$ cat target_0.pdb   # PDB, C-alpha atoms and all ligand atoms
ATOM      1  CA  MET A   1      21.848  16.971  14.343
ATOM      2  CA  LYS A   2      23.052  15.397  17.519
ATOM      3  CA  VAL A   3      21.399  12.448  19.207
ATOM      4  CA  GLU A   4      21.691  12.212  22.955
ATOM      5  CA  ILE A   5      20.777   9.013  24.753
ATOM      6  CA  LEU A   6      19.138  10.287  27.927
ATOM      7  CA  GLY A   7      18.352   6.791  29.166
ATOM      8  CA  SER A   8      19.754   3.549  27.752
ATOM      9  CA  GLY A   9      18.002   1.086  30.056
ATOM     10  CA  GLY A  10      14.902  -0.981  29.550
ATOM     11  CA  ALA A  11      11.900  -1.880  31.663
ATOM     12  CA  ALA A  12      14.285  -2.924  34.445
ATOM     13  CA  THR A  13      16.995  -0.339  34.904
ATOM     14  CA  ILE A  14      20.500  -0.664  36.373
ATOM     15  CA  PRO A  15      20.767  -0.771  39.309
ATOM     16  CA  ARG A  16      17.476  -2.439  39.955
ATOM     17  CA  PRO A  17      16.239  -1.709  43.474
ATOM     18  CA  GLY A  18      17.224  -4.500  45.837
ATOM     19  CA  CYS A  19      19.162  -6.451  43.206
ATOM     20  CA  THR A  20      22.606  -7.690  44.178
ATOM     21  CA  CYS A  21      23.617  -9.141  40.812
ATOM     22  CA  ARG A  22      27.054  -8.358  39.412
ATOM     23  CA  VAL A  23      25.797  -5.664  37.022
ATOM     24  CA  CYS A  24      23.633  -3.820  39.564
ATOM     25  CA  THR A  25      26.330  -3.965  42.238
ATOM     26  CA  GLU A  26      28.871  -2.528  39.829
ATOM     27  CA  GLY A  27      26.423   0.199  38.777
ATOM     28  CA  ARG A  28      25.835   1.243  42.386
ATOM     29  CA  ALA A  29      29.561   1.394  43.062
ATOM     30  CA  ARG A  30      30.719   3.095  39.871
ATOM     31  CA  GLY A  31      27.853   5.256  38.597
ATOM     32  CA  LEU A  32      27.894   6.310  34.942
ATOM     33  CA  PRO A  33      28.317   4.697  32.460
ATOM     34  CA  TYR A  34      27.613   1.556  34.512
ATOM     35  CA  THR A  35      24.102   2.673  35.492
ATOM     36  CA  ARG A  36      21.174   2.911  33.094
ATOM     37  CA  THR A  37      17.937   4.846  33.450
ATOM     38  CA  GLY A  38      14.751   4.210  31.460
ATOM     39  CA  PRO A  39      14.459   4.524  27.677
ATOM     40  CA  SER A  40      14.554   8.081  26.327
ATOM     41  CA  THR A  41      16.302   9.823  23.444
ATOM     42  CA  PHE A  42      16.715  13.511  22.587
ATOM     43  CA  VAL A  43      17.558  14.885  19.166
ATOM     44  CA  HIS A  44      19.351  18.237  19.196
ATOM     45  CA  GLY A  45      18.606  20.363  16.154
ATOM     46  CA  PRO A  46      14.853  19.841  16.075
ATOM     47  CA  ASP A  47      15.121  19.613  19.896
ATOM     48  CA  ILE A  48      12.693  16.771  20.257
ATOM     49  CA  LEU A  49      12.299  14.138  22.911
ATOM     50  CA  PHE A  50      11.176  10.547  22.505
ATOM     51  CA  ASP A  51       9.438   9.039  25.545
ATOM     52  CA  THR A  52       9.507   9.879  29.244
ATOM     53  CA  PRO A  53      10.488   7.012  31.567
ATOM     54  CA  GLU A  54      10.237   7.455  35.343
ATOM     55  CA  GLU A  55      13.616   9.202  35.459
ATOM     56  CA  ALA A  56      12.671  11.752  32.779
ATOM     57  CA  LYS A  57      12.977  14.800  35.012
ATOM     58  CA  LEU A  58      16.412  13.727  36.210
ATOM     59  CA  GLN A  59      17.464  12.950  32.665
ATOM     60  CA  LEU A  60      16.365  16.325  31.264
ATOM     61  CA  ASP A  61      18.133  18.136  34.048
ATOM     62  CA  ARG A  62      21.270  16.012  33.818
ATOM     63  CA  ALA A  63      21.465  16.764  30.099
ATOM     64  CA  GLY A  64      21.019  20.483  30.747
ATOM     65  CA  LEU A  65      18.252  20.665  28.175
ATOM     66  CA  GLY A  66      16.628  24.033  27.660
ATOM     67  CA  ARG A  67      14.289  24.197  24.720
ATOM     68  CA  ILE A  68      12.162  21.169  23.970
ATOM     69  CA  ALA A  69      10.161  21.716  20.796
ATOM     70  CA  GLY A  70       8.072  18.616  21.349
ATOM     71  CA  CYS A  71       7.854  15.147  22.822
ATOM     72  CA  PHE A  72       6.771  12.120  20.819
ATOM     73  CA  TYR A  73       5.493   8.986  22.532
ATOM     74  CA  SER A  74       6.340   5.679  20.836
ATOM     75  CA  HIS A  75       3.809   3.458  22.667
ATOM     76  CA  TRP A  76       1.895   3.264  25.911
ATOM     77  CA  HIS A  77       4.150   0.895  27.880
ATOM     78  CA  PRO A  78       4.949   2.131  31.386
ATOM     79  CA  ASP A  79       8.738   2.118  30.971
ATOM     80  CA  HIS A  80       8.286   4.708  28.180
ATOM     81  CA  THR A  81       5.530   6.862  29.653
ATOM     82  CA  LEU A  82       5.392   6.923  33.432
ATOM     83  CA  GLY A  83       7.699   9.911  33.791
ATOM     84  CA  ARG A  84       5.138  12.086  32.000
ATOM     85  CA  ARG A  85       4.606  14.173  35.130
ATOM     86  CA  VAL A  86       7.888  15.806  34.080
ATOM     87  CA  TRP A  87       5.692  18.214  32.076
ATOM     88  CA  GLU A  88       4.283  19.453  35.363
ATOM     89  CA  THR A  89       7.623  19.546  37.168
ATOM     90  CA  ARG A  90       9.234  21.357  34.285
ATOM     91  CA  ASN A  91       6.497  23.669  33.035
ATOM     92  CA  ALA A  92       4.205  24.666  35.912
ATOM     93  CA  ASP A  93       4.370  27.864  37.938
ATOM     94  CA  PHE A  94       2.802  27.238  41.351
ATOM     95  CA  ARG A  95       3.617  30.655  42.801
ATOM     96  CA  GLY A  96       2.769  33.203  40.110
ATOM     97  CA  TRP A  97      -0.444  35.203  40.662
ATOM     98  CA  PRO A  98      -2.696  36.538  39.198
ATOM     99  CA  PRO A  99      -3.100  33.745  36.622
ATOM    100  CA  GLU A 100      -1.992  35.978  33.743
ATOM    101  CA  ALA A 101       1.305  36.621  35.567
ATOM    102  CA  LYS A 102       2.201  32.932  35.766
ATOM    103  CA  ARG A 103       5.361  31.970  33.894
ATOM    104  CA  VAL A 104       4.162  28.772  32.327
ATOM    105  CA  THR A 105       6.038  26.834  29.664
ATOM    106  CA  ARG A 106       3.973  24.679  27.318
ATOM    107  CA  THR A 107       5.351  21.630  25.610
ATOM    108  CA  ALA A 108       3.822  20.081  22.505
ATOM    109  CA  ILE A 109       3.066  16.405  23.096
ATOM    110  CA  TYR A 110       2.667  14.383  19.900
ATOM    111  CA  LEU A 111       0.725  11.125  20.014
ATOM    112  CA  PRO A 112       0.744   8.884  16.936
ATOM    113  CA  GLN A 113      -2.692   7.510  16.109
ATOM    114  CA  GLN A 114      -2.575   4.195  17.992
ATOM    115  CA  VAL A 115      -0.673   5.693  20.932
ATOM    116  CA  ALA A 116      -3.466   8.251  21.323
ATOM    117  CA  ALA A 117      -6.008   5.407  21.310
ATOM    118  CA  ASP A 118      -4.001   3.321  23.788
ATOM    119  CA  PHE A 119      -3.517   6.271  26.163
ATOM    120  CA  ARG A 120      -7.321   6.246  26.489
ATOM    121  CA  THR A 121      -7.206   2.593  27.578
ATOM    122  CA  TYR A 122      -4.060   2.088  29.611
ATOM    123  CA  LEU A 123      -2.563   3.551  32.780
ATOM    124  CA  GLY A 124      -4.764   6.649  32.835
ATOM    125  CA  GLY A 125      -2.591   8.145  30.128
ATOM    126  CA  ARG A 126      -5.197  10.307  28.419
ATOM    127  CA  GLU A 127      -6.667  11.484  31.712
ATOM    128  CA  HIS A 128      -3.255  12.547  32.958
ATOM    129  CA  LEU A 129      -2.420  14.393  29.745
ATOM    130  CA  GLU A 130      -5.775  16.192  29.891
ATOM    131  CA  PHE A 131      -5.069  17.193  33.493
ATOM    132  CA  MET A 132      -1.806  18.804  32.403
ATOM    133  CA  ALA A 133      -3.265  20.328  29.226
ATOM    134  CA  ALA A 134      -6.098  21.941  31.218
ATOM    135  CA  ARG A 135      -3.495  23.703  33.364
ATOM    136  CA  GLY A 136      -1.631  24.948  30.325
ATOM    137  CA  TRP A 137       1.547  22.898  30.719
ATOM    138  CA  ILE A 138       1.196  20.898  27.523
ATOM    139  CA  ASP A 139      -0.612  20.850  24.208
ATOM    140  CA  VAL A 140      -1.671  17.418  23.040
ATOM    141  CA  ILE A 141      -1.472  16.859  19.310
ATOM    142  CA  GLU A 142      -2.909  13.630  17.950
ATOM    143  CA  LEU A 143      -1.441  12.480  14.656
ATOM    144  CA  VAL A 144      -3.000  10.240  12.053
ATOM    145  CA  ASP A 145      -0.968   7.508  10.417
ATOM    146  CA  GLY A 146       1.014   8.783   7.453
ATOM    147  CA  GLU A 147       1.223  12.305   8.852
ATOM    148  CA  SER A 148       4.614  13.991   9.351
ATOM    149  CA  VAL A 149       5.335  16.834  11.754
ATOM    150  CA  ASP A 150       7.369  19.768  10.426
ATOM    151  CA  LEU A 151       9.332  21.689  13.036
ATOM    152  CA  ASP A 152      11.745  24.488  12.106
ATOM    153  CA  GLY A 153      12.870  22.857   8.879
ATOM    154  CA  TYR A 154      13.018  19.325  10.312
ATOM    155  CA  SER A 155      10.444  16.667   9.626
ATOM    156  CA  ILE A 156       9.455  13.821  11.927
ATOM    157  CA  THR A 157       7.522  10.871  10.528
ATOM    158  CA  PRO A 158       6.086   8.284  12.913
ATOM    159  CA  PHE A 159       5.306   4.877  11.446
ATOM    160  CA  ARG A 160       4.054   1.596  12.862
ATOM    161  CA  LEU A 161       6.331  -1.349  13.463
ATOM    162  CA  ALA A 162       5.224  -4.975  12.976
ATOM    163  CA  GLU A 163       4.028  -4.861  16.609
ATOM    164  CA  ASP A 164       1.613  -2.317  15.297
ATOM    165  CA  TYR A 165       0.774  -0.445  18.495
ATOM    166  CA  VAL A 166       4.403   0.691  18.584
ATOM    167  CA  TYR A 167       5.898   3.464  16.462
ATOM    168  CA  ALA A 168       9.366   4.287  15.258
ATOM    169  CA  PHE A 169      10.297   7.692  13.840
ATOM    170  CA  VAL A 170      12.281   8.977  10.902
ATOM    171  CA  VAL A 171      13.744  12.410  11.607
ATOM    172  CA  GLU A 172      14.962  14.367   8.580
ATOM    173  CA  GLY A 173      16.868  17.619   8.435
ATOM    174  CA  GLU A 174      20.252  19.169   7.586
ATOM    175  CA  GLY A 175      20.398  16.683   4.686
ATOM    176  CA  LYS A 176      20.443  13.731   7.113
ATOM    177  CA  ARG A 177      18.012  11.012   8.136
ATOM    178  CA  LEU A 178      17.751   9.340  11.513
ATOM    179  CA  LEU A 179      15.715   6.360  12.617
ATOM    180  CA  ILE A 180      14.651   6.301  16.256
ATOM    181  CA  ALA A 181      12.980   3.023  17.241
ATOM    182  CA  PRO A 182      12.571   2.995  21.021
ATOM    183  CA  ASP A 183      11.332  -0.590  21.449
ATOM    184  CA  GLU A 184       9.600  -3.726  20.121
ATOM    185  CA  LEU A 185      11.219  -4.737  16.836
ATOM    186  CA  ASN A 186       9.630  -8.199  16.954
ATOM    187  CA  GLY A 187       8.823  -9.397  13.441
ATOM    188  CA  TRP A 188       9.880  -6.140  11.798
ATOM    189  CA  SER A 189      11.746  -5.870   8.561
ATOM    190  CA  PRO A 190      12.848  -2.340   7.607
ATOM    191  CA  PRO A 191      10.856  -1.089   4.601
ATOM    192  CA  VAL A 192      12.926   0.227   1.715
ATOM    193  CA  TRP A 193      12.175   3.887   2.469
ATOM    194  CA  VAL A 194      13.727   3.557   5.941
ATOM    195  CA  ARG A 195      16.906   1.788   4.862
ATOM    196  CA  GLU A 196      20.355   3.383   4.762
ATOM    197  CA  VAL A 197      19.513   6.150   7.202
ATOM    198  CA  ASP A 198      22.560   8.003   8.512
ATOM    199  CA  LEU A 199      21.975   6.840  12.072
ATOM    200  CA  ALA A 200      19.646   4.292  13.656
ATOM    201  CA  VAL A 201      18.899   3.985  17.356
ATOM    202  CA  LEU A 202      17.341   0.571  17.995
ATOM    203  CA  PRO A 203      16.530  -1.576  21.014
ATOM    204  CA  LEU A 204      19.081  -4.293  21.703
ATOM    205  CA  GLY A 205      16.462  -7.022  21.982
ATOM    206  CA  PHE A 206      16.589  -9.723  24.588
ATOM    207  CA  CYS A 207      19.370 -12.203  24.913
ATOM    208  CA  GLU A 208      17.819 -15.606  24.489
ATOM    209  CA  LEU A 209      21.384 -16.869  24.077
ATOM    210  CA  ASP A 210      24.545 -15.609  25.711
ATOM    211  CA  PRO A 211      25.971 -13.280  23.020
ATOM    212  CA  PHE A 212      29.520 -14.491  23.698
ATOM    213  CA  THR A 213      29.132 -18.228  24.221
ATOM    214  CA  GLY A 214      25.820 -18.954  22.483
ATOM    215  CA  GLU A 215      24.692 -20.725  25.658
ATOM    216  CA  ARG A 216      20.928 -20.680  26.219
ATOM    217  CA  ARG A 217      19.899 -18.140  28.863
ATOM    218  CA  VAL A 218      16.108 -18.412  28.560
ATOM    219  CA  HIS A 219      13.918 -21.521  28.528
ATOM    220  CA  PRO A 220      13.060 -22.372  24.874
ATOM    221  CA  ALA A 221       9.334 -22.405  25.734
ATOM    222  CA  HIS A 222       9.414 -18.927  27.288
ATOM    223  CA  PRO A 223       6.539 -16.904  25.756
ATOM    224  CA  LEU A 224       8.834 -13.856  25.419
ATOM    225  CA  ILE A 225      10.625 -15.566  22.543
ATOM    226  CA  ARG A 226       7.456 -15.197  20.461
ATOM    227  CA  VAL A 227       6.692 -11.583  21.341
ATOM    228  CA  GLU A 228      10.108  -9.946  21.691
ATOM    229  CA  ALA A 229      12.892  -9.548  19.157
ATOM    230  CA  THR A 230      15.952 -11.422  20.311
ATOM    231  CA  PHE A 231      19.439  -9.967  20.084
ATOM    232  CA  GLU A 232      20.167 -12.272  17.141
ATOM    233  CA  GLU A 233      17.029 -11.083  15.326
ATOM    234  CA  THR A 234      18.015  -7.494  16.052
ATOM    235  CA  LEU A 235      21.393  -8.042  14.419
ATOM    236  CA  GLY A 236      19.536  -9.341  11.350
ATOM    237  CA  ILE A 237      17.538  -6.106  11.282
ATOM    238  CA  VAL A 238      20.745  -4.074  11.647
ATOM    239  CA  ARG A 239      22.207  -5.826   8.604
ATOM    240  CA  GLU A 240      19.046  -5.366   6.569
ATOM    241  CA  LEU A 241      18.721  -1.717   7.552
ATOM    242  CA  GLY A 242      22.247  -0.793   6.447
ATOM    243  CA  ALA A 243      22.375   2.425   8.507
ATOM    244  CA  GLY A 244      25.531   4.534   8.355
ATOM    245  CA  ARG A 245      25.805   4.013  12.070
ATOM    246  CA  THR A 246      23.755   1.906  14.493
ATOM    247  CA  VAL A 247      23.359   2.465  18.222
ATOM    248  CA  LEU A 248      21.691  -0.268  20.263
ATOM    249  CA  SER A 249      19.908   0.891  23.395
ATOM    250  CA  HIS A 250      17.082  -0.289  25.722
ATOM    251  CA  VAL A 251      19.565  -2.545  27.522
ATOM    252  CA  GLU A 252      17.645  -4.724  29.986
ATOM    253  CA  GLU A 253      19.095  -5.411  33.419
ATOM    254  CA  MET A 254      17.951  -9.032  33.084
ATOM    255  CA  ASP A 255      20.375  -9.635  30.228
ATOM    256  CA  GLU A 256      23.150  -9.069  32.800
ATOM    257  CA  LEU A 257      25.434  -7.260  30.391
ATOM    258  CA  SER A 258      27.701  -4.652  31.958
ATOM    259  CA  PHE A 259      29.087  -1.606  30.165
ATOM    260  CA  ASP A 260      32.430  -3.407  29.807
ATOM    261  CA  ASP A 261      30.732  -6.569  28.503
ATOM    262  CA  LEU A 262      29.068  -4.475  25.810
ATOM    263  CA  LEU A 263      32.387  -2.890  24.804
ATOM    264  CA  ARG A 264      33.756  -6.407  24.462
ATOM    265  CA  LEU A 265      30.680  -7.380  22.432
ATOM    266  CA  GLU A 266      31.202  -4.391  20.126
ATOM    267  CA  ARG A 267      34.696  -5.663  19.361
ATOM    268  CA  LYS A 268      33.450  -9.206  18.790
ATOM    269  CA  LEU A 269      30.760  -7.994  16.369
ATOM    270  CA  ALA A 270      33.271  -5.750  14.587
ATOM    271  CA  ASP A 271      35.510  -8.802  14.115
ATOM    272  CA  ASP A 272      32.503 -10.464  12.492
ATOM    273  CA  GLY A 273      32.132  -7.440  10.183
ATOM    274  CA  LEU A 274      29.198  -5.720  11.916
ATOM    275  CA  TRP A 275      29.732  -2.226  13.264
ATOM    276  CA  VAL A 276      27.335  -1.341  16.066
ATOM    277  CA  THR A 277      27.745   0.769  19.181
ATOM    278  CA  PHE A 278      25.962   0.120  22.447
ATOM    279  CA  ALA A 279      24.323   3.112  24.057
ATOM    280  CA  TYR A 280      25.006   4.374  27.563
ATOM    281  CA  ASP A 281      23.268   7.144  29.488
ATOM    282  CA  THR A 282      24.524  10.621  28.371
ATOM    283  CA  MET A 283      26.005   9.241  25.110
ATOM    284  CA  GLN A 284      26.017  11.799  22.299
ATOM    285  CA  VAL A 285      26.305  11.010  18.607
ATOM    286  CA  ASP A 286      26.778  13.692  15.952
ATOM    287  CA  VAL A 287      25.041  13.083  12.681
TER     288      VAL A 287
HETATM  289 ZN    ZN A 301      10.520  -0.591  26.723
HETATM  290 ZN    ZN A 302      20.681  -6.750  38.919
END
$ encode --input "target_0.pdb" --output "structure tokens"
Amino acid sequence: MKVEILGSGGAATIPRPGCTCRVCTEGRARGLPYTRTGPSTFVHGPDILFDTPEEAKLQLDRAGLGRIAGCFYSHWHPDHTLGRRVWETRNADFRGWPPEAKRVTRTAIYLPQQVAADFRTYLGGREHLEFMAARGWIDVIELVDGESVDLDGYSITPFRLAEDYVYAFVVEGEGKRLLIAPDELNGWSPPVWVREVDLAVLPLGFCELDPFTGERRVHPAHPLIRVEATFEETLGIVRELGAGRTVLSHVEEMDELSFDDLLRLERKLADDGLWVTFAYDTMQVDV
């Protein structure tokens, strides 16, 4: 299998419109890998997509992706879902007539149990999916907890994180196991059955402290500290998980870490005995 990071950014991408900070300015001037689009990951082999941020259609085109066997949504948050109109842009035929002559592609959209429930509540998610399903561009498949999806000899198992409206996924095939956790590791400890996967893609978490100097970057009373995994907590999860290789993604603009900063951080962590790689848009990892 091959994992391709289509978008390595978080809820605020790089550059952020109107922002003149060091990281956004550098991104505007230099392009990839200094820019980051919203969180999305593709796994070649099973040919499955996880999440569609606003830039999804640009990401799919930039990656030159043909077949997409299915898209799994991890949770309802807008940074992971609001590019879902890509299924119209990609699959619809507005010119073909009569209807039976239309060249329509259909994509299977998989919603884990709570995601399906939350799409009915938030952001018009269910209504929008039904709009696209009625026109034949997608098929919506609701999963129940504990259910795995088998696709061409690969199996994909969604499971709830500690923030239990959010799912991570174990992808198995070719004798390998991957863990794709798009966001929200707060309070999570990897269960035994998930440990020692060949590759894990995890969110970086937010930098309460400067990862180089340890200086406090966020007020200690900030409510985010209770609801988001910090970078330090994420490193604890990385150690506990013991994956063959770990890629940290979902890099928030507000953490003000540039591509070069993250390379430097990789070396610092390696010196401390922890091997992680930071994701960038278009990054590919063979498993
Ligand atoms: Zn997110
Ligand atoms: Zn900025």
$ residues_around --input "target_0.pdb" --residues "Leu65 of chain A" --least-positions-apart "4" --cutoff "10 Å" --atoms "all atoms listed in the file" --output "PyMOL selection string"
chain A and resi 42+44+47+59-61
$ write_last_selection --input "target_0.pdb" --atoms "C-alpha atoms" --output "JSON list (two decimals), in the frame of the given file"
[["chain", "number", "residue", "atom", "x", "y", "z"],
["A", 42, "PHE", "CA", 16.72, 13.51, 22.59],
["A", 44, "HIS", "CA", 19.35, 18.24, 19.20],
["A", 47, "ASP", "CA", 15.12, 19.61, 19.90],
["A", 59, "GLN", "CA", 17.46, 12.95, 32.66],
["A", 60, "LEU", "CA", 16.36, 16.32, 31.26],
["A", 61, "ASP", "CA", 18.13, 18.14, 34.05]]
$ resolve_selection --input "target_0.pdb" --expression "the PyMOL selection byres (((chain A and resi 144) around 9) and not hetatm)" --output "number ranges by chain"
A: 111-114, 142-143, 145-148
$ closest_residue --input "target_0.pdb" --among "A:Gly205, A:Pro99, A:Gly45, A:Gly242" --to "ligand ZN 301 (chain A)" --atoms "only C-alpha atoms and all ligand atoms"
A:Gly205
$ residues_around --input "target_0.pdb" --residues "segment 27-40 of chain A" --least-positions-apart "5" --cutoff "6 Å" --atoms "all atoms listed in the file" --output "PyMOL selection string"
chain A and resi 6-10+13-15+50-51+53+250+259+280-281
$ closest_atom_pairs --input "target_0.pdb" --of "chain A" --to "ligand ZN 301 (chain A)" --cutoff "6 Å" --atoms "all atoms listed in the file" --output "tab-separated table"
residue	atom	partner	partner_atom	distance
A:Gly10	CA	A:ZN301	ZN	5.2
A:Ala11	CA	A:ZN301	ZN	5.3
A:Asp79	CA	A:ZN301	ZN	5.3
A:His80	CA	A:ZN301	ZN	5.9
A:Asp183	CA	A:ZN301	ZN	5.3
$ closest_residue --input "target_0.pdb" --among "A:Val166, A:Val23, A:Leu178, A:Ala12" --to "ligand ZN 302 (chain A)" --atoms "only C-alpha atoms and all ligand atoms"
A:Val23
$ residues_near_ligand --input "target_0.pdb" --ligand "ligand ZN 302 (chain A)" --cutoff "10 Å" --atoms "all atoms listed in the file" --output "ChimeraX atom specification"
/A:12-27,252-257
$ resolve_selection --input "target_0.pdb" --expression "the PyMOL selection byres (((chain A and resi 283-285) around 6) and not hetatm)" --output "number ranges by chain"
A: 2-5, 280-282, 286
$ resolve_selection --input "target_0.pdb" --expression "the PyMOL selection byres (((chain A and resi 46) around 12) and not hetatm)" --output "list in words"
Met1, Lys2, Val3, Phe42, Val43, His44, Gly45, Asp47, Ile48, Leu49, Phe50, Arg67, Ile68, Ala69, Gly70, Cys71, Val149, Asp150, Leu151, Asp152, Gly153, Tyr154, Ser155, Ile156, Val171, Glu172, Gly173, Glu174 and Leu178 of chain A
$ closest_residue --input "target_0.pdb" --among "A:Ala133, A:Ala162, A:Ala200, A:Leu235" --to "Asn91 of chain A" --atoms "all atoms listed in the file"
A:Ala133
$ closest_residue --input "target_0.pdb" --among "A:Thr246, A:Leu185, A:Arg95, A:Thr213" --to "Asp198 of chain A" --atoms "all atoms listed in the file"
A:Thr246
$ atom_distance --input "target_0.pdb" --atom1 "atom CA of Thr52 of chain A" --atom2 "atom CA of Tyr73 of chain A"
7.9 Å
$ atom_distance --input "target_0.pdb" --atom1 "atom CA of Trp137 of chain A" --atom2 "atom CA of Gly83 of chain A"
14.7 Å
$ atom_distance --input "target_0.pdb" --atom1 "atom CA of Val218 of chain A" --atom2 "atom CA of Ser249 of chain A"
20.3 Å
$ decode --input "target_0.pdb" --residues "segment 127-167 of chain A" --atoms "C-alpha atoms" --output "JSON list (two decimals), in the first residue's frame"
[["chain", "number", "residue", "atom", "x", "y", "z"],
["A", 127, "GLU", "CA", -29.21, 16.75, 3.30],
["A", 128, "HIS", "CA", -26.27, 17.46, 1.03],
["A", 129, "LEU", "CA", -25.34, 13.79, 0.73],
["A", 130, "GLU", "CA", -28.95, 12.93, -0.10],
["A", 131, "PHE", "CA", -28.97, 15.63, -2.78],
["A", 132, "MET", "CA", -25.94, 14.03, -4.41],
["A", 133, "ALA", "CA", -27.18, 10.45, -3.92],
["A", 134, "ALA", "CA", -30.52, 11.31, -5.57],
["A", 135, "ARG", "CA", -28.62, 12.45, -8.67],
["A", 136, "GLY", "CA", -26.60, 9.26, -8.76],
["A", 137, "TRP", "CA", -23.19, 10.71, -7.92],
["A", 138, "ILE", "CA", -22.70, 8.86, -4.66],
["A", 139, "ASP", "CA", -23.97, 5.91, -2.67],
["A", 140, "VAL", "CA", -24.20, 6.49, 1.05],
["A", 141, "ILE", "CA", -23.37, 3.50, 3.20],
["A", 142, "GLU", "CA", -23.97, 3.81, 6.93],
["A", 143, "LEU", "CA", -21.86, 1.53, 9.09],
["A", 144, "VAL", "CA", -22.58, 0.27, 12.57],
["A", 145, "ASP", "CA", -19.87, 0.23, 15.19],
["A", 146, "GLY", "CA", -17.75, -2.91, 15.00],
["A", 147, "GLU", "CA", -18.40, -3.36, 11.29],
["A", 148, "SER", "CA", -15.48, -3.61, 8.83],
["A", 149, "VAL", "CA", -15.65, -2.84, 5.13],
["A", 150, "ASP", "CA", -14.03, -5.34, 2.75],
["A", 151, "LEU", "CA", -12.85, -3.90, -0.55],
["A", 152, "ASP", "CA", -10.89, -5.96, -3.08],
["A", 153, "GLY", "CA", -9.03, -7.96, -0.46],
["A", 154, "TYR", "CA", -8.44, -5.00, 1.88],
["A", 155, "SER", "CA", -10.35, -4.43, 5.07],
["A", 156, "ILE", "CA", -11.12, -1.08, 6.68],
["A", 157, "THR", "CA", -12.25, -0.96, 10.30],
["A", 158, "PRO", "CA", -13.51, 2.31, 11.75],
["A", 159, "PHE", "CA", -13.43, 2.64, 15.52],
["A", 160, "ARG", "CA", -14.24, 5.41, 17.97],
["A", 161, "LEU", "CA", -11.57, 7.44, 19.70],
["A", 162, "ALA", "CA", -11.91, 8.71, 23.28],
["A", 163, "GLU", "CA", -13.62, 11.79, 21.79],
["A", 164, "ASP", "CA", -16.25, 9.32, 20.77],
["A", 165, "TYR", "CA", -17.87, 11.19, 17.89],
["A", 166, "VAL", "CA", -14.56, 10.87, 16.04],
["A", 167, "TYR", "CA", -13.32, 7.73, 14.29]]
